[in-house]
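J.: If it helps, the file is called my_file_16.cif and holds mmCIF, C-alpha atoms:
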data_run
loop_
_atom_site.group_PDB
_atom_site.id
_atom_site.type_symbol
_atom_site.label_atom_id
_atom_site.label_comp_id
_atom_site.auth_asym_id
_atom_site.auth_seq_id
_atom_site.Cartn_x
_atom_site.Cartn_y
_atom_site.Cartn_z
ATOM 1 C CA MET A 17 -10.876 54.373 17.622
ATOM 2 C CA LYS A 18 -7.549 53.605 15.961
ATOM 3 C CA ILE A 19 -7.438 50.182 17.648
ATOM 4 C CA LYS A 20 -10.897 49.339 16.297
ATOM 5 C CA ASN A 21 -9.843 50.353 12.778
ATOM 6 C CA VAL A 22 -6.617 48.369 13.006
ATOM 7 C CA LEU A 23 -8.492 45.300 14.282
ATOM 8 C CA ALA A 24 -11.154 45.619 11.594
ATOM 9 C CA GLY A 25 -8.468 45.985 8.919
ATOM 10 C CA SER A 26 -6.553 42.974 10.271
ATOM 11 C CA VAL A 27 -9.679 40.827 10.305
ATOM 12 C CA SER A 28 -10.481 41.885 6.729
ATOM 13 C CA LEU A 29 -6.958 41.071 5.539
ATOM 14 C CA ALA A 30 -7.040 37.720 7.302
ATOM 15 C CA ALA A 31 -10.401 36.898 5.709
ATOM 16 C CA LEU A 32 -9.097 37.830 2.247
ATOM 17 C CA PHE A 33 -5.965 35.763 2.804
ATOM 18 C CA LEU A 34 -7.967 32.718 3.898
ATOM 19 C CA ALA A 35 -10.394 33.128 1.008
ATOM 20 C CA GLY A 36 -7.467 33.267 -1.401
ATOM 21 C CA CYS A 37 -5.925 30.134 0.097
ATOM 22 C CA SER A 38 -9.154 28.199 0.036
ATOM 23 C CA SER A 39 -9.915 29.170 -3.545
ATOM 24 C CA GLN A 40 -6.753 27.489 -4.831
ATOM 25 C CA SER A 41 -8.033 24.545 -6.742
ATOM 26 C CA TYR A 42 -6.320 21.438 -7.932
ATOM 27 C CA ASN A 43 -7.523 18.594 -10.057
ATOM 28 C CA ILE A 44 -8.376 15.368 -8.318
ATOM 29 C CA THR A 45 -7.886 12.242 -10.393
ATOM 30 C CA GLN A 46 -9.832 9.177 -9.336
ATOM 31 C CA TYR A 47 -8.767 5.597 -9.975
ATOM 32 C CA ARG A 48 -10.467 2.231 -10.074
ATOM 33 C CA LEU A 49 -8.926 -1.224 -10.282
ATOM 34 C CA PRO A 50 -8.999 -2.026 -14.026
ATOM 35 C CA HIS A 51 -10.288 -5.608 -13.773
ATOM 36 C CA LEU A 52 -13.537 -4.292 -12.257
ATOM 37 C CA SER A 53 -14.453 -2.915 -15.683
ATOM 38 C CA GLN A 54 -14.782 -6.436 -17.078
ATOM 39 C CA SER A 55 -18.227 -8.005 -17.028
ATOM 40 C CA VAL A 56 -18.923 -11.180 -15.076
ATOM 41 C CA ASP A 57 -21.611 -13.820 -15.269
ATOM 42 C CA ALA A 58 -21.977 -14.461 -11.544
ATOM 43 C CA ILE A 59 -21.139 -12.918 -8.200
ATOM 44 C CA CYS A 60 -20.726 -14.699 -4.867
ATOM 45 C CA PRO A 61 -22.645 -13.166 -1.967
ATOM 46 C CA ALA A 62 -20.657 -10.891 0.314
ATOM 47 C CA SER A 63 -21.525 -13.222 3.190
ATOM 48 C CA GLN A 64 -19.433 -15.938 1.461
ATOM 49 C CA ARG A 65 -16.549 -13.701 0.375
ATOM 50 C CA SER A 66 -15.479 -10.855 2.646
ATOM 51 C CA ILE A 67 -12.610 -8.426 2.774
ATOM 52 C CA VAL A 68 -11.027 -6.585 5.683
ATOM 53 C CA VAL A 69 -8.809 -3.628 4.813
ATOM 54 C CA GLY A 70 -6.312 -2.345 7.352
ATOM 55 C CA GLU A 71 -6.095 1.294 8.353
ATOM 56 C CA ALA A 72 -3.154 2.158 6.114
ATOM 57 C CA ALA A 73 -4.942 0.889 2.993
ATOM 58 C CA SER A 74 -8.324 2.348 3.897
ATOM 59 C CA LYS A 75 -7.510 5.983 3.056
ATOM 60 C CA MET A 76 -9.071 7.583 -0.030
ATOM 61 C CA GLY A 77 -5.697 8.726 -1.345
ATOM 62 C CA ILE A 78 -3.348 6.231 -2.938
ATOM 63 C CA GLN A 79 -0.539 5.279 -0.551
ATOM 64 C CA ILE A 80 3.098 5.842 -1.506
ATOM 65 C CA GLN A 81 6.141 4.759 0.474
ATOM 66 C CA GLN A 82 8.720 7.555 0.059
ATOM 67 C CA ASP A 83 11.603 5.761 1.781
ATOM 68 C CA GLU A 84 11.977 3.203 4.546
ATOM 69 C CA THR A 85 10.331 5.449 7.152
ATOM 70 C CA ARG A 86 8.224 8.061 5.327
ATOM 71 C CA TRP A 87 4.768 7.508 3.821
ATOM 72 C CA HIS A 88 2.528 9.766 1.776
ATOM 73 C CA THR A 89 -1.194 9.670 1.107
ATOM 74 C CA ALA A 90 -1.901 11.321 -2.228
ATOM 75 C CA LYS A 91 -4.318 14.243 -2.050
ATOM 76 C CA GLN A 92 -4.990 14.549 -5.775
ATOM 77 C CA HIS A 93 -4.823 10.868 -6.728
ATOM 78 C CA ARG A 94 -7.645 9.037 -4.988
ATOM 79 C CA TRP A 95 -9.680 5.884 -5.271
ATOM 80 C CA SER A 96 -12.972 6.502 -7.099
ATOM 81 C CA THR A 97 -14.732 4.502 -4.379
ATOM 82 C CA PRO A 98 -13.126 3.295 -1.165
ATOM 83 C CA LEU A 99 -10.530 0.612 -1.829
ATOM 84 C CA SER A 100 -12.347 -1.737 0.553
ATOM 85 C CA ASN A 101 -15.479 -1.514 -1.648
ATOM 86 C CA GLN A 102 -13.480 -2.224 -4.803
ATOM 87 C CA LEU A 103 -11.739 -5.199 -3.232
ATOM 88 C CA GLN A 104 -15.043 -6.504 -1.852
ATOM 89 C CA ARG A 105 -16.611 -6.403 -5.332
ATOM 90 C CA SER A 106 -13.486 -8.025 -6.722
ATOM 91 C CA ILE A 107 -13.433 -10.903 -4.269
ATOM 92 C CA GLN A 108 -17.105 -11.589 -4.938
ATOM 93 C CA ARG A 109 -16.373 -11.751 -8.679
ATOM 94 C CA LEU A 110 -13.184 -13.795 -8.481
ATOM 95 C CA MET A 111 -14.711 -16.976 -7.185
ATOM 96 C CA LEU A 112 -12.768 -19.890 -5.794
ATOM 97 C CA ASN A 113 -15.496 -22.322 -6.801
ATOM 98 C CA ASP A 114 -18.222 -21.830 -9.372
ATOM 99 C CA ASP A 115 -20.840 -22.520 -6.712
ATOM 100 C CA CYS A 116 -19.474 -20.022 -4.142
ATOM 101 C CA THR A 117 -19.201 -22.670 -1.434
ATOM 102 C CA GLY A 118 -17.233 -22.051 1.725
ATOM 103 C CA LEU A 119 -16.449 -18.863 3.575
ATOM 104 C CA LEU A 120 -13.433 -16.839 2.482
ATOM 105 C CA THR A 121 -12.128 -13.852 4.432
ATOM 106 C CA VAL A 122 -9.167 -11.885 3.110
ATOM 107 C CA THR A 123 -7.407 -9.257 5.203
ATOM 108 C CA ILE A 124 -5.359 -6.640 3.346
ATOM 109 C CA GLU A 125 -2.582 -5.119 5.424
ATOM 110 C CA ASP A 126 -0.543 -3.451 2.652
ATOM 111 C CA PHE A 127 -1.691 -1.974 -0.657
ATOM 112 C CA TYR A 128 0.765 0.714 -1.808
ATOM 113 C CA GLY A 129 3.446 1.918 -4.172
ATOM 114 C CA SER A 130 6.981 1.452 -2.864
ATOM 115 C CA TYR A 131 9.894 3.847 -3.172
ATOM 116 C CA ASN A 132 11.677 1.327 -5.419
ATOM 117 C CA SER A 133 8.912 1.397 -8.075
ATOM 118 C CA HIS A 134 6.888 -1.658 -7.090
ATOM 119 C CA ALA A 135 3.248 -2.196 -6.252
ATOM 120 C CA VAL A 136 3.088 -4.041 -2.949
ATOM 121 C CA ILE A 137 0.181 -6.043 -1.562
ATOM 122 C CA ALA A 138 0.302 -8.160 1.572
ATOM 123 C CA GLY A 139 -2.170 -9.784 3.883
ATOM 124 C CA HIS A 140 -3.622 -13.071 5.022
ATOM 125 C CA TRP A 141 -6.679 -15.185 4.326
ATOM 126 C CA GLN A 142 -8.846 -17.869 5.868
ATOM 127 C CA TYR A 143 -11.175 -20.291 4.113
ATOM 128 C CA GLU A 144 -13.714 -22.444 5.913
ATOM 129 C CA MET A 145 -14.993 -25.281 3.797
ATOM 130 C CA GLU A 146 -18.742 -25.679 3.606
ATOM 131 C CA ASN A 147 -20.241 -28.517 5.707
ATOM 132 C CA SER A 148 -16.853 -29.175 7.214
ATOM 133 C CA ALA A 149 -14.853 -28.301 10.268
ATOM 134 C CA ASN A 150 -11.814 -27.850 8.025
ATOM 135 C CA THR A 151 -10.293 -24.424 7.819
ATOM 136 C CA VAL A 152 -7.276 -23.465 5.758
ATOM 137 C CA SER A 153 -5.395 -20.200 5.967
ATOM 138 C CA GLY A 154 -2.319 -18.534 4.664
ATOM 139 C CA ALA A 155 -0.495 -15.303 4.020
ATOM 140 C CA PHE A 156 0.431 -13.585 0.784
ATOM 141 C CA THR A 157 2.822 -10.911 -0.400
ATOM 142 C CA GLU A 158 3.001 -9.714 -3.974
ATOM 143 C CA LYS A 159 5.439 -7.193 -5.435
ATOM 144 C CA VAL A 160 4.925 -6.178 -9.038
ATOM 145 C CA PRO A 161 7.341 -3.770 -10.753
ATOM 146 C CA LEU A 162 5.794 -0.678 -12.311
ATOM 147 C CA LYS A 163 5.983 -0.675 -16.114
ATOM 148 C CA ALA A 164 6.064 3.141 -16.258
ATOM 149 C CA ASP A 165 6.063 6.159 -13.982
ATOM 150 C CA GLY A 166 2.882 7.670 -12.621
ATOM 151 C CA TYR A 167 -0.249 6.833 -10.702
ATOM 152 C CA SER A 168 -1.939 5.032 -13.608
ATOM 153 C CA ALA A 169 0.996 2.632 -13.844
ATOM 154 C CA LEU A 170 0.861 2.134 -10.075
ATOM 155 C CA VAL A 171 -2.869 1.342 -10.118
ATOM 156 C CA ASN A 172 -2.337 -1.139 -12.976
ATOM 157 C CA ALA A 173 0.502 -2.828 -11.062
ATOM 158 C CA LEU A 174 -1.588 -2.926 -7.859
ATOM 159 C CA ASP A 175 -4.390 -4.544 -9.857
ATOM 160 C CA GLU A 176 -1.982 -7.133 -11.255
ATOM 161 C CA ALA A 177 -0.599 -7.845 -7.764
ATOM 162 C CA TRP A 178 -4.134 -8.248 -6.391
ATOM 163 C CA LEU A 179 -5.067 -10.688 -9.173
ATOM 164 C CA HIS A 180 -1.872 -12.688 -8.497
ATOM 165 C CA SER A 181 -2.793 -12.779 -4.805
ATOM 166 C CA MET A 182 -6.264 -14.064 -5.620
ATOM 167 C CA ASP A 183 -4.751 -16.771 -7.860
ATOM 168 C CA THR A 184 -2.415 -17.822 -5.034
ATOM 169 C CA ILE A 185 -5.303 -18.038 -2.570
ATOM 170 C CA SER A 186 -7.460 -19.945 -5.039
ATOM 171 C CA LEU A 187 -4.721 -22.491 -5.760
ATOM 172 C CA SER A 188 -4.078 -22.992 -2.047
ATOM 173 C CA VAL A 189 -7.739 -23.512 -1.239
ATOM 174 C CA ASN A 190 -8.326 -25.823 -4.198
ATOM 175 C CA SER A 191 -5.289 -27.987 -3.359
ATOM 176 C CA MET A 192 -6.403 -28.303 0.282
ATOM 177 C CA SER A 193 -10.018 -29.056 -0.568
ATOM 178 C CA GLY A 194 -9.110 -31.715 -3.116
ATOM 179 C CA ASP A 195 -10.424 -29.924 -6.262
#
Would you encode the structure as structure tokens?
T.:
Amino acid sequence: MKIKNVLAGSVSLAALFLAGCSSQSYNITQYRLPHLSQSVDAICPASQRSIVVGEAASKMGIQIQQDETRWHTAKQHRWSTPLSNQLQRSIQRLMLNDDCTGLLTVTIEDFYGSYNSHAVIAGHWQYEMENSANTVSGAFTEKVPLKADGYSALVNALDEAWLHSMDTISLSVNSMSGD
């Protein structure tokens, strides 16, 4: 009988402990790339402009490099919608040509805050010109220093780095296609 009482008491204490742990709440702050708040007149179809986001950048929490070997995915500072969705909408809005010709695929390998206070974006792209066998491709890396501390400053710097990357891709494609 004593063993049953001890077991029942232990189970009750464990349940109370777990309930107490699970009831700890913390605020989750969600972020969105700022340029997506601006209105646009036209959007290219996703079939003409696509994005591929690597595993490291596809997590809901914002990625932070703590030092050369350690990485952290924020639990309380998350993307409001998956980063891949935000970048897909962005690439459809930031057109290379007004008529959305050609097929552009951008692959994002890095999208994070570095331990030395920079937003870092890296990846590669490929553009296939419409009605042509010509394909151009390239790689990009952007590092933008944070203007302040905190996740908001990081998201703003990541947005700026992404826009710089899109400008670089656009210039490369336009110079190759003769525009």
J.: Between A:Asn132, A:Thr97, A:Ser168, A:Gln102, single out the one closest to His51 in chain A, counting all atoms listed in the file.
T.: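 Ranked by minimum distance to His51 in chain A, first place goes to A:Gln102.
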J.: Just so the selection is clear, what residues does the PyMOL selection byres ((chain A and resi 70) around 12) cover here, as a list in words?
T.: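 Applying the expression gives Ile67, Val68, Val69, Glu71, Ala72, Ala73, Ser74, Lys75, Leu99, Ser100, Val122, Thr123, Ile124, Glu125, Asp126, Phe127, Tyr128, Ile137, Ala138, Gly139 and His140 of chain A.
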J.: Spell out the residues picked by the PyMOL selection byres ((chain A and resi 107) around 12) here, as a PDB file with C-alpha atoms, keeping the file's coordinate frame.
T.:
ATOM      1  CA  HIS A  51     -10.288  -5.608 -13.773  1.00  0.00           C
ATOM      2  CA  LEU A  52     -13.537  -4.292 -12.257  1.00  0.00           C
ATOM      3  CA  ALA A  58     -21.977 -14.461 -11.544  1.00  0.00           C
ATOM      4  CA  ILE A  59     -21.139 -12.918  -8.200  1.00  0.00           C
ATOM      5  CA  CYS A  60     -20.726 -14.699  -4.867  1.00  0.00           C
ATOM      6  CA  PRO A  61     -22.645 -13.166  -1.967  1.00  0.00           C
ATOM      7  CA  ALA A  62     -20.657 -10.891   0.314  1.00  0.00           C
ATOM      8  CA  SER A  63     -21.525 -13.222   3.190  1.00  0.00           C
ATOM      9  CA  GLN A  64     -19.433 -15.938   1.461  1.00  0.00           C
ATOM     10  CA  ARG A  65     -16.549 -13.701   0.375  1.00  0.00           C
ATOM     11  CA  SER A  66     -15.479 -10.855   2.646  1.00  0.00           C
ATOM     12  CA  ILE A  67     -12.610  -8.426   2.774  1.00  0.00           C
ATOM     13  CA  VAL A  68     -11.027  -6.585   5.683  1.00  0.00           C
ATOM     14  CA  SER A 100     -12.347  -1.737   0.553  1.00  0.00           C
ATOM     15  CA  ASN A 101     -15.479  -1.514  -1.648  1.00  0.00           C
ATOM     16  CA  GLN A 102     -13.480  -2.224  -4.803  1.00  0.00           C
ATOM     17  CA  LEU A 103     -11.739  -5.199  -3.232  1.00  0.00           C
ATOM     18  CA  GLN A 104     -15.043  -6.504  -1.852  1.00  0.00           C
ATOM     19  CA  ARG A 105     -16.611  -6.403  -5.332  1.00  0.00           C
ATOM     20  CA  SER A 106     -13.486  -8.025  -6.722  1.00  0.00           C
ATOM     21  CA  GLN A 108     -17.105 -11.589  -4.938  1.00  0.00           C
ATOM     22  CA  ARG A 109     -16.373 -11.751  -8.679  1.00  0.00           C
ATOM     23  CA  LEU A 110     -13.184 -13.795  -8.481  1.00  0.00           C
ATOM     24  CA  MET A 111     -14.711 -16.976  -7.185  1.00  0.00           C
ATOM     25  CA  LEU A 112     -12.768 -19.890  -5.794  1.00  0.00           C
ATOM     26  CA  ASN A 113     -15.496 -22.322  -6.801  1.00  0.00           C
ATOM     27  CA  CYS A 116     -19.474 -20.022  -4.142  1.00  0.00           C
ATOM     28  CA  LEU A 119     -16.449 -18.863   3.575  1.00  0.00           C
ATOM     29  CA  LEU A 120     -13.433 -16.839   2.482  1.00  0.00           C
ATOM     30  CA  THR A 121     -12.128 -13.852   4.432  1.00  0.00           C
ATOM     31  CA  VAL A 122      -9.167 -11.885   3.110  1.00  0.00           C
ATOM     32  CA  THR A 123      -7.407  -9.257   5.203  1.00  0.00           C
ATOM     33  CA  ILE A 124      -5.359  -6.640   3.346  1.00  0.00           C
ATOM     34  CA  TRP A 141      -6.679 -15.185   4.326  1.00  0.00           C
ATOM     35  CA  TRP A 178      -4.134  -8.248  -6.391  1.00  0.00           C
ATOM     36  CA  LEU A 179      -5.067 -10.688  -9.173  1.00  0.00           C
ATOM     37  CA  SER A 181      -2.793 -12.779  -4.805  1.00  0.00           C
ATOM     38  CA  MET A 182      -6.264 -14.064  -5.620  1.00  0.00           C
ATOM     39  CA  ASP A 183      -4.751 -16.771  -7.860  1.00  0.00           C
ATOM     40  CA  ILE A 185      -5.303 -18.038  -2.570  1.00  0.00           C
ATOM     41  CA  SER A 186      -7.460 -19.945  -5.039  1.00  0.00           C
TER      42      SER A 186
END
J.: Which residues of range 75-99 of chain A sit at most 10 Å from range 164-167 of chain A, using all atoms listed in the file? Give each one's shortest atom pair and distance in Å (one decimal place), in chain and ascending residue order, as JSON lines.
T.:
{"residue": "A:Ile78", "atom": "CA", "partner": "A:Tyr167", "partner_atom": "CA", "distance": 8.4}
{"residue": "A:Ile80", "atom": "CA", "partner": "A:Tyr167", "partner_atom": "CA", "distance": 9.8}
{"residue": "A:Ala90", "atom": "CA", "partner": "A:Tyr167", "partner_atom": "CA", "distance": 9.7}
{"residue": "A:His93", "atom": "CA", "partner": "A:Tyr167", "partner_atom": "CA", "distance": 7.3}
{"residue": "A:Arg94", "atom": "CA", "partner": "A:Tyr167", "partner_atom": "CA", "distance": 9.6}
J.: If the box runs along x, y and z of the file and leaves 4 Å on each side of range 148-153 of chain A, what are its centre and edge lengths in Å, one decimal, as lines of an AutoDock Vina configuration file?
T.:
center_x = -11.1
center_y = -24.7
center_z = 8.0
size_x = 19.5
size_y = 17.0
size_z = 12.5
J.: So, counting all atoms listed in the file, which residue among A:Thr117, A:Trp95, A:Leu49, A:Ser188 is closest to Phe156 in chain A?
T.: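 Among the listed residues, A:Ser188 lies closest to Phe156 in chain A.
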J.: Which is closest to Asp175 in chain A among A:Ser148, A:Ser153, A:Ser53, A:Asn190, if we use all atoms listed in the file?
T.: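 Going through A:Ser148, A:Ser153, A:Ser53, A:Asn190 one by one, the smallest distance to Asp175 in chain A is for A:Ser53.
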J.: Can you tell me which residues surround Lys159 in chain A at a distance of at most 7 Å, considering all atoms listed in the file, apart from same-chain residues fewer than 5 positions away, and format the answer as a PyMOL selection string?
T.: chain A and resi 134-137+177
J.: Restricting it to C-alpha atoms, dump the selection as a short mmCIF file (atom, residue, chain, number, x, y, z; two decimals), keeping the file's coordinate frame.
T.:
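out.cif, freshly written:
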data_model
loop_
_atom_site.label_atom_id
_atom_site.label_comp_id
_atom_site.auth_asym_id
_atom_site.auth_seq_id
_atom_site.Cartn_x
_atom_site.Cartn_y
_atom_site.Cartn_z
CA HIS A 134 6.89 -1.66 -7.09
CA ALA A 135 3.25 -2.20 -6.25
CA VAL A 136 3.09 -4.04 -2.95
CA ILE A 137 0.18 -6.04 -1.56
CA ALA A 177 -0.60 -7.84 -7.76
#
J.: So how many Å separate CA of Trp87 in chain A and CA of Leu170 in chain A, to one decimal?
T.: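 So the answer is 15.4 Å.
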J.: Between CA of Val171 in chain A and CA of Thr157 in chain A, what is the distance, to one decimal in Å?
T.: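 These two atoms are separated by 16.6 Å.
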J.: To one decimal place in Å, what is the distance between CA of Ser96 in chain A and CA of Met76 in chain A?
T.: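 Interatomic distance, CA of Ser96 in chain A to CA of Met76 in chain A: 8.1 Å.
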J.: Between A:Ser191, A:Ser130, A:Asn172, A:Gln46, which has the minimum distance to Glu84 in chain A (counting only C-alpha atoms)?
T.: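 The closest residue to Glu84 in chain A is A:Ser130.
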